[in-house]
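What's in model00.txt: compact mmCIF, C-alpha atoms and all ligand atoms
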# COMPACT_ATOMS: atom_id res chain seq x y z
CA MET A 1139 -22.50 7.83 -12.90
CA ASN A 1140 -25.64 9.79 -12.36
CA SER A 1141 -27.08 12.02 -15.00
CA SER A 1142 -26.31 15.27 -13.20
CA ASP A 1143 -22.58 14.41 -13.26
CA ASP A 1144 -22.81 13.58 -16.91
CA ALA A 1145 -24.39 16.94 -17.56
CA SER A 1146 -21.60 18.83 -15.78
CA ASP A 1147 -19.79 21.24 -18.02
CA LEU A 1148 -16.55 19.94 -16.46
CA PHE A 1149 -16.49 17.59 -19.43
CA GLN A 1150 -17.58 20.15 -22.01
CA PRO A 1151 -15.37 22.42 -24.13
CA TYR A 1152 -14.21 25.69 -22.65
CA GLN A 1153 -13.08 28.80 -24.47
CA LEU A 1154 -9.87 30.12 -22.92
CA GLY A 1155 -9.59 33.32 -24.93
CA SER A 1156 -8.85 32.21 -28.46
CA LEU A 1157 -7.94 28.69 -27.34
CA THR A 1158 -10.67 26.05 -27.37
CA LEU A 1159 -10.12 23.45 -24.66
CA ALA A 1160 -11.85 20.08 -25.06
CA ASN A 1161 -12.91 20.15 -21.39
CA ARG A 1162 -12.28 22.04 -18.16
CA ILE A 1163 -9.81 19.53 -16.75
CA VAL A 1164 -6.19 20.70 -16.69
CA MET A 1165 -3.02 18.71 -16.14
CA ALA A 1166 -1.14 20.59 -13.42
CA PRO A 1167 2.57 21.32 -13.77
CA LEU A 1168 4.48 18.34 -12.37
CA THR A 1169 8.23 18.12 -11.92
CA ARG A 1170 9.33 14.65 -13.07
CA SER A 1171 13.11 15.14 -13.54
CA ARG A 1172 13.55 13.09 -16.67
CA ALA A 1173 15.11 15.64 -19.04
CA GLY A 1174 18.14 14.52 -21.04
CA VAL A 1175 21.67 15.85 -21.36
CA GLY A 1176 21.68 19.65 -21.48
CA ASP A 1177 18.25 19.62 -19.80
CA VAL A 1178 16.72 18.85 -23.19
CA PRO A 1179 13.20 17.35 -23.33
CA THR A 1180 13.34 13.76 -24.56
CA PRO A 1181 11.16 11.58 -26.81
CA LEU A 1182 10.02 9.79 -23.63
CA MET A 1183 8.72 13.11 -22.32
CA ALA A 1184 6.83 13.55 -25.61
CA THR A 1185 5.24 10.13 -25.05
CA TYR A 1186 4.30 11.02 -21.45
CA TYR A 1187 2.62 14.29 -22.41
CA THR A 1188 0.93 12.79 -25.46
CA GLN A 1189 -0.59 10.04 -23.31
CA ARG A 1190 -2.25 12.85 -21.32
CA ALA A 1191 -3.37 14.95 -24.32
CA SER A 1192 -7.07 14.40 -23.56
CA ALA A 1193 -6.71 16.96 -20.76
CA GLY A 1194 -8.39 20.20 -21.79
CA LEU A 1195 -5.02 21.84 -21.22
CA ILE A 1196 -1.60 20.55 -20.22
CA ILE A 1197 0.68 22.81 -18.22
CA THR A 1198 4.19 21.42 -18.52
CA GLU A 1199 6.50 20.76 -15.64
CA ALA A 1200 8.37 23.85 -14.49
CA SER A 1201 11.11 24.69 -17.00
CA GLN A 1202 14.03 26.92 -16.17
CA ILE A 1203 14.39 30.11 -18.19
CA SER A 1204 18.18 30.15 -17.73
CA PRO A 1205 20.92 28.00 -16.21
CA GLN A 1206 20.71 30.24 -13.14
CA GLY A 1207 17.02 29.37 -12.78
CA LYS A 1208 17.73 25.68 -12.16
CA GLY A 1209 17.48 24.03 -8.76
CA TYR A 1210 16.96 20.32 -9.34
CA ILE A 1211 18.68 17.75 -11.51
CA GLN A 1212 17.20 16.86 -14.89
CA THR A 1213 14.54 19.54 -15.06
CA PRO A 1214 14.03 20.79 -18.62
CA GLY A 1215 15.09 24.23 -19.79
CA ILE A 1216 13.61 26.59 -22.36
CA TYR A 1217 16.66 28.72 -23.18
CA SER A 1218 18.88 26.66 -25.54
CA PRO A 1219 18.24 25.74 -29.19
CA ALA A 1220 18.40 22.03 -28.30
CA GLN A 1221 15.77 22.52 -25.57
CA ILE A 1222 13.51 24.38 -28.00
CA GLY A 1223 13.94 21.48 -30.44
CA GLY A 1224 13.09 18.92 -27.76
CA TRP A 1225 9.98 20.82 -26.74
CA LYS A 1226 8.93 21.13 -30.39
CA GLN A 1227 8.67 17.34 -30.51
CA VAL A 1228 6.50 17.44 -27.40
CA THR A 1229 4.12 20.13 -28.68
CA GLU A 1230 3.79 18.54 -32.13
CA ALA A 1231 2.94 15.16 -30.62
CA VAL A 1232 0.39 16.67 -28.20
CA HIS A 1233 -1.20 18.74 -30.96
CA ALA A 1234 -1.41 15.68 -33.22
CA GLN A 1235 -3.66 14.18 -30.53
CA GLY A 1236 -5.79 17.32 -30.39
CA GLY A 1237 -4.33 18.48 -27.08
CA LYS A 1238 -3.35 21.96 -25.94
CA ILE A 1239 -0.16 22.65 -24.02
CA VAL A 1240 1.45 25.65 -22.32
CA ILE A 1241 4.89 25.74 -20.74
CA GLN A 1242 5.56 26.82 -17.18
CA LEU A 1243 8.41 29.36 -17.00
CA TRP A 1244 10.55 28.94 -13.89
CA HIS A 1245 13.38 30.53 -11.99
CA VAL A 1246 14.07 28.84 -8.64
CA GLY A 1247 15.93 31.76 -7.06
CA ARG A 1248 17.43 30.61 -3.75
CA ILE A 1249 16.05 27.03 -4.01
CA SER A 1250 19.20 25.72 -5.65
CA HIS A 1251 22.79 24.89 -4.82
CA PRO A 1252 26.22 25.84 -6.22
CA GLU A 1253 26.52 22.26 -7.49
CA LEU A 1254 23.52 22.89 -9.74
CA GLN A 1255 24.73 26.31 -10.91
CA GLU A 1256 27.13 27.16 -13.72
CA GLY A 1257 30.66 27.64 -12.42
CA GLY A 1258 29.53 26.62 -8.92
CA ALA A 1259 27.89 30.01 -8.49
CA ARG A 1260 25.88 30.86 -5.40
CA PRO A 1261 22.10 30.83 -6.04
CA VAL A 1262 20.47 34.26 -6.27
CA ALA A 1263 17.49 35.68 -4.40
CA PRO A 1264 15.95 39.03 -3.49
CA SER A 1265 17.92 38.96 -0.23
CA ALA A 1266 20.60 36.83 1.42
CA VAL A 1267 18.16 34.77 3.49
CA LEU A 1268 19.07 31.12 4.03
CA PRO A 1269 16.25 28.70 3.18
CA VAL A 1270 15.70 25.95 5.73
CA GLY A 1271 15.82 22.74 3.78
CA GLN A 1272 17.79 20.47 1.57
CA VAL A 1273 18.25 20.11 -2.13
CA PHE A 1274 19.00 17.01 -4.21
CA THR A 1275 22.26 17.29 -6.11
CA GLY A 1276 24.11 14.59 -8.03
CA ARG A 1277 25.54 13.35 -4.71
CA GLY A 1278 22.31 13.19 -2.75
CA MET A 1279 20.53 15.56 -0.37
CA VAL A 1280 22.60 18.51 0.83
CA ASP A 1281 21.76 21.56 2.91
CA MET A 1282 20.89 24.70 1.04
CA VAL A 1283 23.24 27.67 1.18
CA THR A 1284 22.66 31.34 1.85
CA PRO A 1285 21.85 32.92 -1.52
CA ARG A 1286 23.41 36.05 -2.94
CA ALA A 1287 21.11 39.08 -3.09
CA LEU A 1288 20.58 40.18 -6.67
CA GLU A 1289 22.10 43.55 -7.52
CA LEU A 1290 19.60 46.08 -8.83
CA ASN A 1291 21.42 46.12 -12.15
CA GLU A 1292 20.99 42.34 -12.57
CA ILE A 1293 17.20 42.47 -12.53
CA PRO A 1294 16.75 43.64 -16.14
CA GLY A 1295 18.74 40.59 -17.23
CA ILE A 1296 16.36 38.27 -15.37
CA ILE A 1297 13.35 39.96 -16.94
CA ALA A 1298 15.05 39.61 -20.34
CA ASP A 1299 15.51 35.89 -19.67
CA TYR A 1300 11.77 35.52 -19.08
CA ARG A 1301 11.02 37.49 -22.27
CA GLN A 1302 13.39 35.31 -24.29
CA ALA A 1303 11.98 32.12 -22.76
CA ALA A 1304 8.50 33.28 -23.77
CA ILE A 1305 9.75 33.87 -27.32
CA ASN A 1306 11.38 30.44 -27.29
CA ALA A 1307 8.10 28.91 -26.14
CA ARG A 1308 6.43 30.31 -29.26
CA GLU A 1309 9.15 28.87 -31.43
CA ALA A 1310 8.71 25.50 -29.71
CA GLY A 1311 5.03 25.48 -30.71
CA PHE A 1312 3.38 25.97 -27.33
CA ASP A 1313 -0.15 27.37 -27.07
CA GLY A 1314 0.93 29.78 -24.35
CA VAL A 1315 2.91 30.15 -21.16
CA GLU A 1316 2.36 30.06 -17.43
CA ILE A 1317 4.62 32.21 -15.26
CA HIS A 1318 5.51 30.26 -12.11
CA ALA A 1319 5.11 32.72 -9.25
CA ALA A 1320 4.23 30.06 -6.67
CA ASN A 1321 5.83 27.61 -4.27
CA GLY A 1322 8.61 29.74 -2.89
CA TYR A 1323 10.66 30.19 -6.06
CA LEU A 1324 12.20 33.45 -7.29
CA LEU A 1325 9.04 35.46 -8.06
CA ASP A 1326 7.36 34.28 -4.85
CA GLN A 1327 10.57 35.14 -2.96
CA PHE A 1328 10.22 38.71 -4.21
CA LEU A 1329 6.54 38.85 -3.27
CA ARG A 1330 6.93 37.78 0.35
CA ASP A 1331 8.47 39.67 3.23
CA LYS A 1332 10.11 36.60 4.78
CA THR A 1333 12.47 36.39 1.81
CA ASN A 1334 12.39 39.92 0.43
CA ARG A 1335 14.27 42.31 2.73
CA ARG A 1336 15.29 44.70 -0.01
CA THR A 1337 15.27 48.43 0.52
CA ASP A 1338 15.27 49.41 -3.16
CA ARG A 1339 12.31 49.63 -5.54
CA TYR A 1340 11.89 45.83 -5.48
CA GLY A 1341 11.41 45.57 -1.72
CA GLY A 1342 9.42 47.02 1.16
CA SER A 1343 5.92 48.04 0.08
CA ILE A 1344 3.52 45.63 -1.61
CA ASP A 1345 3.90 47.60 -4.85
CA ASN A 1346 7.64 47.18 -4.67
CA ARG A 1347 7.54 43.48 -3.85
CA ALA A 1348 5.05 42.84 -6.67
CA ARG A 1349 7.16 44.83 -9.14
CA LEU A 1350 9.31 41.97 -10.43
CA LEU A 1351 6.35 39.65 -11.11
CA LEU A 1352 4.51 42.45 -12.91
CA GLU A 1353 7.56 43.47 -14.96
CA VAL A 1354 8.11 39.83 -15.88
CA THR A 1355 4.44 39.57 -16.88
CA ASP A 1356 4.75 42.69 -19.03
CA ALA A 1357 7.86 41.25 -20.70
CA VAL A 1358 6.10 37.96 -21.43
CA LEU A 1359 3.16 39.94 -22.84
CA GLU A 1360 5.53 41.38 -25.44
CA ALA A 1361 5.90 37.85 -26.81
CA TRP A 1362 2.37 36.50 -26.38
CA GLU A 1363 -1.24 37.63 -26.82
CA LYS A 1364 -2.63 38.28 -23.37
CA ASP A 1365 -5.13 35.43 -23.46
CA ARG A 1366 -2.21 33.00 -23.84
CA VAL A 1367 -0.49 34.02 -20.62
CA GLY A 1368 -1.24 32.71 -17.14
CA VAL A 1369 0.29 33.17 -13.69
CA ARG A 1370 0.45 30.60 -10.92
CA LEU A 1371 0.25 31.74 -7.30
CA SER A 1372 0.20 29.81 -4.01
CA PRO A 1373 -0.82 32.41 -1.41
CA LEU A 1374 -1.19 29.88 1.41
CA SER A 1375 1.62 27.47 0.73
CA PRO A 1376 4.74 27.40 2.93
CA SER A 1377 6.62 25.51 0.20
CA ASN A 1378 10.34 26.07 0.20
CA ASP A 1379 10.33 27.95 3.49
CA ILE A 1380 8.28 30.85 2.17
CA ASP A 1381 6.00 33.06 4.25
CA ASP A 1382 4.53 36.51 4.45
CA SER A 1383 3.42 38.50 7.47
CA ASP A 1384 0.25 39.74 5.76
CA PRO A 1385 -0.61 37.80 2.59
CA GLN A 1386 -4.19 39.01 2.08
CA PRO A 1387 -3.43 42.58 0.95
CA LEU A 1388 -0.35 41.35 -0.93
CA PHE A 1389 -2.22 38.84 -3.07
CA THR A 1390 -5.22 41.14 -3.42
CA GLN A 1391 -2.96 43.72 -5.00
CA VAL A 1392 -1.12 41.16 -7.15
CA VAL A 1393 -4.34 39.66 -8.53
CA ARG A 1394 -5.78 43.13 -9.21
CA GLU A 1395 -2.68 44.13 -11.15
CA LEU A 1396 -2.63 40.89 -13.11
CA SER A 1397 -6.29 41.33 -13.96
CA GLN A 1398 -5.67 44.85 -15.22
CA ARG A 1399 -3.11 43.45 -17.63
CA GLY A 1400 -5.80 41.22 -19.11
CA ILE A 1401 -3.88 37.96 -18.83
CA GLY A 1402 -5.80 34.84 -19.76
CA PHE A 1403 -5.72 32.83 -16.60
CA LEU A 1404 -4.89 32.89 -12.92
CA HIS A 1405 -3.83 29.54 -11.47
CA VAL A 1406 -4.21 29.32 -7.72
CA VAL A 1407 -2.82 26.56 -5.51
CA GLU A 1408 -5.57 26.54 -2.92
CA GLY A 1409 -3.73 25.42 0.21
CA VAL A 1410 -0.41 23.76 0.99
CA THR A 1411 1.09 22.70 -2.33
CA GLY A 1412 0.63 18.95 -2.64
CA GLY A 1413 -0.86 18.94 0.85
CA PRO A 1414 -4.03 19.90 2.65
CA ARG A 1415 -6.45 22.41 1.19
CA ASP A 1416 -7.34 23.65 4.65
CA THR A 1417 -4.41 25.44 6.24
CA GLY A 1418 -6.16 27.08 9.16
CA HIS A 1419 -4.85 30.45 7.95
CA PRO A 1420 -7.51 33.19 7.99
CA PHE A 1421 -6.65 34.10 4.37
CA GLN A 1422 -9.85 34.37 2.32
CA LEU A 1423 -9.13 32.50 -0.91
CA ALA A 1424 -12.62 33.11 -2.22
CA THR A 1425 -11.86 36.83 -2.50
CA LEU A 1426 -9.35 36.26 -5.30
CA ARG A 1427 -11.60 35.02 -8.08
CA PRO A 1428 -13.87 38.09 -8.18
CA LEU A 1429 -10.77 40.30 -8.43
CA PHE A 1430 -9.67 38.58 -11.62
CA ALA A 1431 -11.40 39.21 -14.93
CA GLY A 1432 -9.99 36.21 -16.80
CA THR A 1433 -10.19 32.47 -16.31
CA TYR A 1434 -9.74 31.15 -12.76
CA LEU A 1435 -7.91 27.83 -12.62
CA ALA A 1436 -8.10 26.06 -9.27
CA ASN A 1437 -5.66 23.44 -8.06
CA ASN A 1438 -4.71 21.31 -5.07
CA GLY A 1439 -6.33 18.20 -3.73
CA TYR A 1440 -9.33 18.28 -6.06
CA THR A 1441 -11.28 15.06 -6.37
CA ARG A 1442 -13.96 14.28 -8.92
CA ASP A 1443 -16.65 15.35 -6.44
CA LEU A 1444 -14.85 18.58 -5.53
CA ALA A 1445 -14.36 19.43 -9.20
CA LEU A 1446 -18.02 18.78 -10.00
CA ALA A 1447 -18.99 20.91 -7.01
CA ALA A 1448 -16.65 23.69 -8.12
CA ARG A 1449 -18.42 23.80 -11.46
CA ALA A 1450 -21.87 23.46 -9.95
CA THR A 1451 -21.17 26.50 -7.74
CA ASP A 1452 -18.95 28.20 -10.35
CA SER A 1453 -16.15 28.67 -7.81
CA ALA A 1454 -13.62 27.96 -10.59
CA ASP A 1455 -13.63 27.88 -14.38
CA LEU A 1456 -11.02 25.16 -14.76
CA ILE A 1457 -9.71 22.52 -12.37
CA ALA A 1458 -6.10 21.26 -12.41
CA PHE A 1459 -5.21 17.76 -11.23
CA GLY A 1460 -1.63 16.80 -10.43
CA LYS A 1461 -0.94 13.41 -8.87
CA LEU A 1462 -4.05 11.90 -10.43
CA PHE A 1463 -2.65 12.76 -13.87
CA ILE A 1464 0.66 11.10 -13.02
CA ALA A 1465 -1.11 7.78 -12.46
CA ASN A 1466 -3.98 8.14 -14.92
CA PRO A 1467 -3.09 9.18 -18.46
CA ASP A 1468 -6.78 8.91 -19.36
CA LEU A 1469 -7.91 10.83 -16.28
CA VAL A 1470 -10.56 12.78 -18.19
CA GLU A 1471 -12.25 9.60 -19.37
CA ARG A 1472 -11.99 7.99 -15.95
CA LEU A 1473 -13.57 11.02 -14.30
CA ARG A 1474 -16.26 11.15 -16.95
CA ARG A 1475 -17.16 7.50 -16.38
CA ASN A 1476 -16.52 7.70 -12.63
CA ALA A 1477 -14.17 4.77 -13.17
CA PRO A 1478 -11.58 3.58 -10.63
CA LEU A 1479 -8.27 5.45 -10.57
CA ASN A 1480 -4.74 4.04 -10.60
CA GLU A 1481 -2.73 4.90 -7.48
CA PRO A 1482 0.37 7.06 -8.06
CA ASP A 1483 3.69 5.50 -7.03
CA GLN A 1484 5.61 8.18 -5.13
CA THR A 1485 8.95 6.41 -5.52
CA THR A 1486 8.93 7.13 -9.27
CA PHE A 1487 7.78 10.75 -9.15
CA TYR A 1488 11.23 12.26 -9.64
CA GLY A 1489 13.87 10.86 -11.97
CA GLY A 1490 14.20 7.45 -13.50
CA ASP A 1491 12.91 6.01 -16.73
CA GLU A 1492 9.57 5.01 -18.22
CA HIS A 1493 8.68 3.07 -15.09
CA GLY A 1494 6.08 5.07 -13.18
CA TYR A 1495 6.11 7.59 -16.01
CA THR A 1496 4.69 6.24 -19.26
CA ASP A 1497 3.61 2.79 -18.08
CA TYR A 1498 0.44 3.59 -16.13
CA PRO A 1499 -2.43 1.74 -17.80
CA CYS A 1500 -5.42 3.33 -19.49
CA LEU A 1501 -8.89 1.92 -18.92
CA ASP A 1502 -8.87 0.02 -22.18
CA SER A 1503 -5.42 -1.51 -21.70
CA SER A 1504 -6.20 -2.43 -18.07
CA GLY A 1505 -9.36 -4.26 -19.17
C1 LIG B 1601 8.36 19.14 -6.70
C2 LIG B 1601 9.70 18.86 -6.87
C3 LIG B 1601 10.50 19.77 -7.52
C4 LIG B 1601 9.98 20.96 -7.98
C5 LIG B 1601 7.01 23.24 -7.57
C6 LIG B 1601 8.43 22.99 -9.50
O1 LIG B 1601 6.79 22.93 -6.41
C7 LIG B 1601 8.06 22.50 -8.33
C8 LIG B 1601 8.62 21.24 -7.81
C9 LIG B 1601 7.83 20.32 -7.17
O2 LIG B 1601 6.43 24.16 -8.13
Could you render the structure from this file as structure tokens?
Ligand code: 8OZ
Amino acid sequence: MNSSDDASDLFQPYQLGSLTLANRIVMAPLTRSRAGVGDVPTPLMATYYTQRASAGLIITEASQISPQGKGYIQTPGIYSPAQIGGWKQVTEAVHAQGGKIVIQLWHVGRISHPELQEGGARPVAPSAVLPVGQVFTGRGMVDMVTPRALELNEIPGIIADYRQAAINAREAGFDGVEIHAANGYLLDQFLRDKTNRRTDRYGGSIDNRARLLLEVTDAVLEAWEKDRVGVRLSPLSPSNDIDDSDPQPLFTQVVRELSQRGIGFLHVVEGVTGGPRDTGHPFQLATLRPLFAGTYLANNGYTRDLALAARATDSADLIAFGKLFIANPDLVERLRRNAPLNEPDQTTFYGGDEHGYTDYPCLDSSG
């Protein structure tokens, strides 16, 4: 390690509104599909998050705000009393280690399947546009189905589900919430014109397509101080068959509106989610940060060198790491020391037990 790395404020505390983070390294939200019966967080999940509590901030795996918001097996919820109780064990254990943790609030929209929905219901979306792709149900990978377009009079209920989930997150002891508006799920489906073909006040113009995200944000702000609320966007990612004909003005407007609401942080997936940072799209990512008054959290494909460079040039306030946190519970210490990193095992990313989940070694235990 050279002394200039050591001096980087990447490893120094950061004040996220009223929340003091031990460093500027964030654990990105990571779906791991290990929730228990009733989509309740388990003691094993508490162990997993606690092992990673030296992150400046943990953002939990995406957690459905309602049964309708679910699209994968064994993802945790944040709507039932048992789920709140399970999460309470997670937050208490993380806090006991001095960590900070926010929950990511999720509704998958059309990225689901009747087999994952209550009563075999058809997944919902802004419009009845079939996603190209498959979904994992209890019986393996199956093609997705054409979703049902939400009726105008159903939208207040969805916003109410977000508000209640935000209230539940408080009860569960979280330090805040992140609204998942990325990766082609419900809120992203409303934002983009490939999936939003509505002709009512939630479709058409940019203002109309941004309306649901902004109303959800306002509802969450009824439950939380503004510095404890973040939003995740992925303007360049084609995840889950999402696209927009003109994303630059769309995301410019969205970020402006979010900034006006004074939310604490904006979390941007800078490229193809889980894939390359460089997409070849002319979209100017660098325009987003100056539009946002709060904390800018950057994610996707960051290495130690890229993170140090981001701080040296102040292109981001905080840096989120995903896969590296799966394989390295003590990632912060490893980055600080410039120590070797464990390799993540992709075969244990989703589902299963402690193997590939809580059994990655720390520096000390690996000798
Ligand atoms: C990978 C597998 C399942 C879900 C996302 C919540 O992309 C996810 C997710 C990722 O945001």
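Residues of protein, DNA or RNA lying at most 8 Å from ligand LIG 1601 (chain B), when all atoms listed in the file are considered, are Pro1167, Leu1168, Thr1169, Arg1170, Glu1199, Ala1200, Tyr1210, Trp1244, His1318, Ala1320, Asn1321, Gly1322, Tyr1323, Ser1377, Thr1411 and Tyr1488 of chain A.
From atom CA of Ser1156 of chain A back to atom CA of Val1228 of chain A, the distance works out to 21.3 Å.
Residues near the point (-8.8, 22.2, -12.7), at a distance of 8 Å or less over only C-alpha atoms, make up Arg1162, Ile1163, Val1164, Met1165, Ala1166, Leu1435, Ala1436, Asn1437, Tyr1440, Ala1445, Ala1454, Asp1455, Leu1456, Ile1457, Ala1458 and Phe1459 of chain A.
Distance check against Ser1218 of chain A using all atoms listed in the file: of A:Ala1303, A:Ala1266, A:Ile1297, A:Ala1361, the minimum falls on A:Ala1303.
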Requested in this report: Fewer than 5 positions away in the same chain doesn't count, so skip those; otherwise give me all residues within 10 Å of segment 1306-1316 of chain A, counting only C-alpha atoms, as a PyMOL selection string.
Outcome: chain A and resi 1157+1167+1195-1198+1200+1203+1216-1219+1221-1230+1232-1233+1237-1244+1300-1301+1355+1358-1359+1361-1370+1402-1405
Would you mind exporting the chosen residues as a PDB file, in the frame of the given file, restricted to C-alpha atoms?
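This is the output file selection-v3.pdb:
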ATOM      1  CA  LEU A1157      -7.940  28.690 -27.340  1.00  0.00           C
ATOM      2  CA  PRO A1167       2.570  21.320 -13.770  1.00  0.00           C
ATOM      3  CA  LEU A1195      -5.020  21.840 -21.220  1.00  0.00           C
ATOM      4  CA  ILE A1196      -1.600  20.550 -20.220  1.00  0.00           C
ATOM      5  CA  ILE A1197       0.680  22.810 -18.220  1.00  0.00           C
ATOM      6  CA  THR A1198       4.190  21.420 -18.520  1.00  0.00           C
ATOM      7  CA  ALA A1200       8.370  23.850 -14.490  1.00  0.00           C
ATOM      8  CA  ILE A1203      14.390  30.110 -18.190  1.00  0.00           C
ATOM      9  CA  ILE A1216      13.610  26.590 -22.360  1.00  0.00           C
ATOM     10  CA  TYR A1217      16.660  28.720 -23.180  1.00  0.00           C
ATOM     11  CA  SER A1218      18.880  26.660 -25.540  1.00  0.00           C
ATOM     12  CA  PRO A1219      18.240  25.740 -29.190  1.00  0.00           C
ATOM     13  CA  GLN A1221      15.770  22.520 -25.570  1.00  0.00           C
ATOM     14  CA  ILE A1222      13.510  24.380 -28.000  1.00  0.00           C
ATOM     15  CA  GLY A1223      13.940  21.480 -30.440  1.00  0.00           C
ATOM     16  CA  GLY A1224      13.090  18.920 -27.760  1.00  0.00           C
ATOM     17  CA  TRP A1225       9.980  20.820 -26.740  1.00  0.00           C
ATOM     18  CA  LYS A1226       8.930  21.130 -30.390  1.00  0.00           C
ATOM     19  CA  GLN A1227       8.670  17.340 -30.510  1.00  0.00           C
ATOM     20  CA  VAL A1228       6.500  17.440 -27.400  1.00  0.00           C
ATOM     21  CA  THR A1229       4.120  20.130 -28.680  1.00  0.00           C
ATOM     22  CA  GLU A1230       3.790  18.540 -32.130  1.00  0.00           C
ATOM     23  CA  VAL A1232       0.390  16.670 -28.200  1.00  0.00           C
ATOM     24  CA  HIS A1233      -1.200  18.740 -30.960  1.00  0.00           C
ATOM     25  CA  GLY A1237      -4.330  18.480 -27.080  1.00  0.00           C
ATOM     26  CA  LYS A1238      -3.350  21.960 -25.940  1.00  0.00           C
ATOM     27  CA  ILE A1239      -0.160  22.650 -24.020  1.00  0.00           C
ATOM     28  CA  VAL A1240       1.450  25.650 -22.320  1.00  0.00           C
ATOM     29  CA  ILE A1241       4.890  25.740 -20.740  1.00  0.00           C
ATOM     30  CA  GLN A1242       5.560  26.820 -17.180  1.00  0.00           C
ATOM     31  CA  LEU A1243       8.410  29.360 -17.000  1.00  0.00           C
ATOM     32  CA  TRP A1244      10.550  28.940 -13.890  1.00  0.00           C
ATOM     33  CA  TYR A1300      11.770  35.520 -19.080  1.00  0.00           C
ATOM     34  CA  ARG A1301      11.020  37.490 -22.270  1.00  0.00           C
ATOM     35  CA  THR A1355       4.440  39.570 -16.880  1.00  0.00           C
ATOM     36  CA  VAL A1358       6.100  37.960 -21.430  1.00  0.00           C
ATOM     37  CA  LEU A1359       3.160  39.940 -22.840  1.00  0.00           C
ATOM     38  CA  ALA A1361       5.900  37.850 -26.810  1.00  0.00           C
ATOM     39  CA  TRP A1362       2.370  36.500 -26.380  1.00  0.00           C
ATOM     40  CA  GLU A1363      -1.240  37.630 -26.820  1.00  0.00           C
ATOM     41  CA  LYS A1364      -2.630  38.280 -23.370  1.00  0.00           C
ATOM     42  CA  ASP A1365      -5.130  35.430 -23.460  1.00  0.00           C
ATOM     43  CA  ARG A1366      -2.210  33.000 -23.840  1.00  0.00           C
ATOM     44  CA  VAL A1367      -0.490  34.020 -20.620  1.00  0.00           C
ATOM     45  CA  GLY A1368      -1.240  32.710 -17.140  1.00  0.00           C
ATOM     46  CA  VAL A1369       0.290  33.170 -13.690  1.00  0.00           C
ATOM     47  CA  ARG A1370       0.450  30.600 -10.920  1.00  0.00           C
ATOM     48  CA  GLY A1402      -5.800  34.840 -19.760  1.00  0.00           C
ATOM     49  CA  PHE A1403      -5.720  32.830 -16.600  1.00  0.00           C
ATOM     50  CA  LEU A1404      -4.890  32.890 -12.920  1.00  0.00           C
ATOM     51  CA  HIS A1405      -3.830  29.540 -11.470  1.00  0.00           C
TER      52      HIS A1405
END
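The smallest atom-to-atom distance between Leu1268 of chain A and any of A:Leu1254, A:Ile1380, A:Ile1293, A:Leu1148, using all atoms listed in the file, is found for A:Ile1380.
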Grab segment 1288-1296 of chain A from that structure and dump N, CA, C and O atoms to a file, as a PDB file, in the first residue's frame.
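Contents of selection-v2.pdb, as written:
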ATOM      1  N   LEU A1288     -51.858  -2.252 -14.643  1.00  0.00           N
ATOM      2  CA  LEU A1288     -52.516  -1.774 -13.419  1.00  0.00           C
ATOM      3  C   LEU A1288     -53.631  -0.790 -13.773  1.00  0.00           C
ATOM      4  O   LEU A1288     -53.445   0.105 -14.618  1.00  0.00           O
ATOM      5  N   GLU A1289     -54.764  -0.949 -13.106  1.00  0.00           N
ATOM      6  CA  GLU A1289     -55.843   0.040 -13.234  1.00  0.00           C
ATOM      7  C   GLU A1289     -55.415   1.306 -12.481  1.00  0.00           C
ATOM      8  O   GLU A1289     -54.695   1.219 -11.474  1.00  0.00           O
ATOM      9  N   LEU A1290     -55.891   2.426 -12.957  1.00  0.00           N
ATOM     10  CA  LEU A1290     -55.563   3.692 -12.294  1.00  0.00           C
ATOM     11  C   LEU A1290     -55.916   3.638 -10.803  1.00  0.00           C
ATOM     12  O   LEU A1290     -55.169   4.127  -9.947  1.00  0.00           O
ATOM     13  N   ASN A1291     -57.038   3.002 -10.504  1.00  0.00           N
ATOM     14  CA  ASN A1291     -57.479   2.994  -9.102  1.00  0.00           C
ATOM     15  C   ASN A1291     -56.707   1.997  -8.223  1.00  0.00           C
ATOM     16  O   ASN A1291     -56.948   1.915  -7.027  1.00  0.00           O
ATOM     17  N   GLU A1292     -55.786   1.244  -8.815  1.00  0.00           N
ATOM     18  CA  GLU A1292     -54.940   0.353  -8.009  1.00  0.00           C
ATOM     19  C   GLU A1292     -53.657   1.050  -7.548  1.00  0.00           C
ATOM     20  O   GLU A1292     -52.964   0.569  -6.649  1.00  0.00           O
ATOM     21  N   ILE A1293     -53.312   2.142  -8.199  1.00  0.00           N
ATOM     22  CA  ILE A1293     -52.011   2.764  -7.931  1.00  0.00           C
ATOM     23  C   ILE A1293     -51.911   3.314  -6.498  1.00  0.00           C
ATOM     24  O   ILE A1293     -50.877   3.128  -5.842  1.00  0.00           O
ATOM     25  N   PRO A1294     -52.966   3.934  -5.967  1.00  0.00           N
ATOM     26  CA  PRO A1294     -52.854   4.378  -4.565  1.00  0.00           C
ATOM     27  C   PRO A1294     -52.540   3.233  -3.607  1.00  0.00           C
ATOM     28  O   PRO A1294     -51.810   3.427  -2.626  1.00  0.00           O
ATOM     29  N   GLY A1295     -53.023   2.048  -3.897  1.00  0.00           N
ATOM     30  CA  GLY A1295     -52.746   0.901  -3.030  1.00  0.00           C
ATOM     31  C   GLY A1295     -51.264   0.514  -3.073  1.00  0.00           C
ATOM     32  O   GLY A1295     -50.679   0.123  -2.052  1.00  0.00           O
ATOM     33  N   ILE A1296     -50.666   0.636  -4.245  1.00  0.00           N
ATOM     34  CA  ILE A1296     -49.232   0.323  -4.366  1.00  0.00           C
ATOM     35  C   ILE A1296     -48.405   1.359  -3.604  1.00  0.00           C
ATOM     36  O   ILE A1296     -47.466   1.019  -2.877  1.00  0.00           O
TER      37      ILE A1296
END
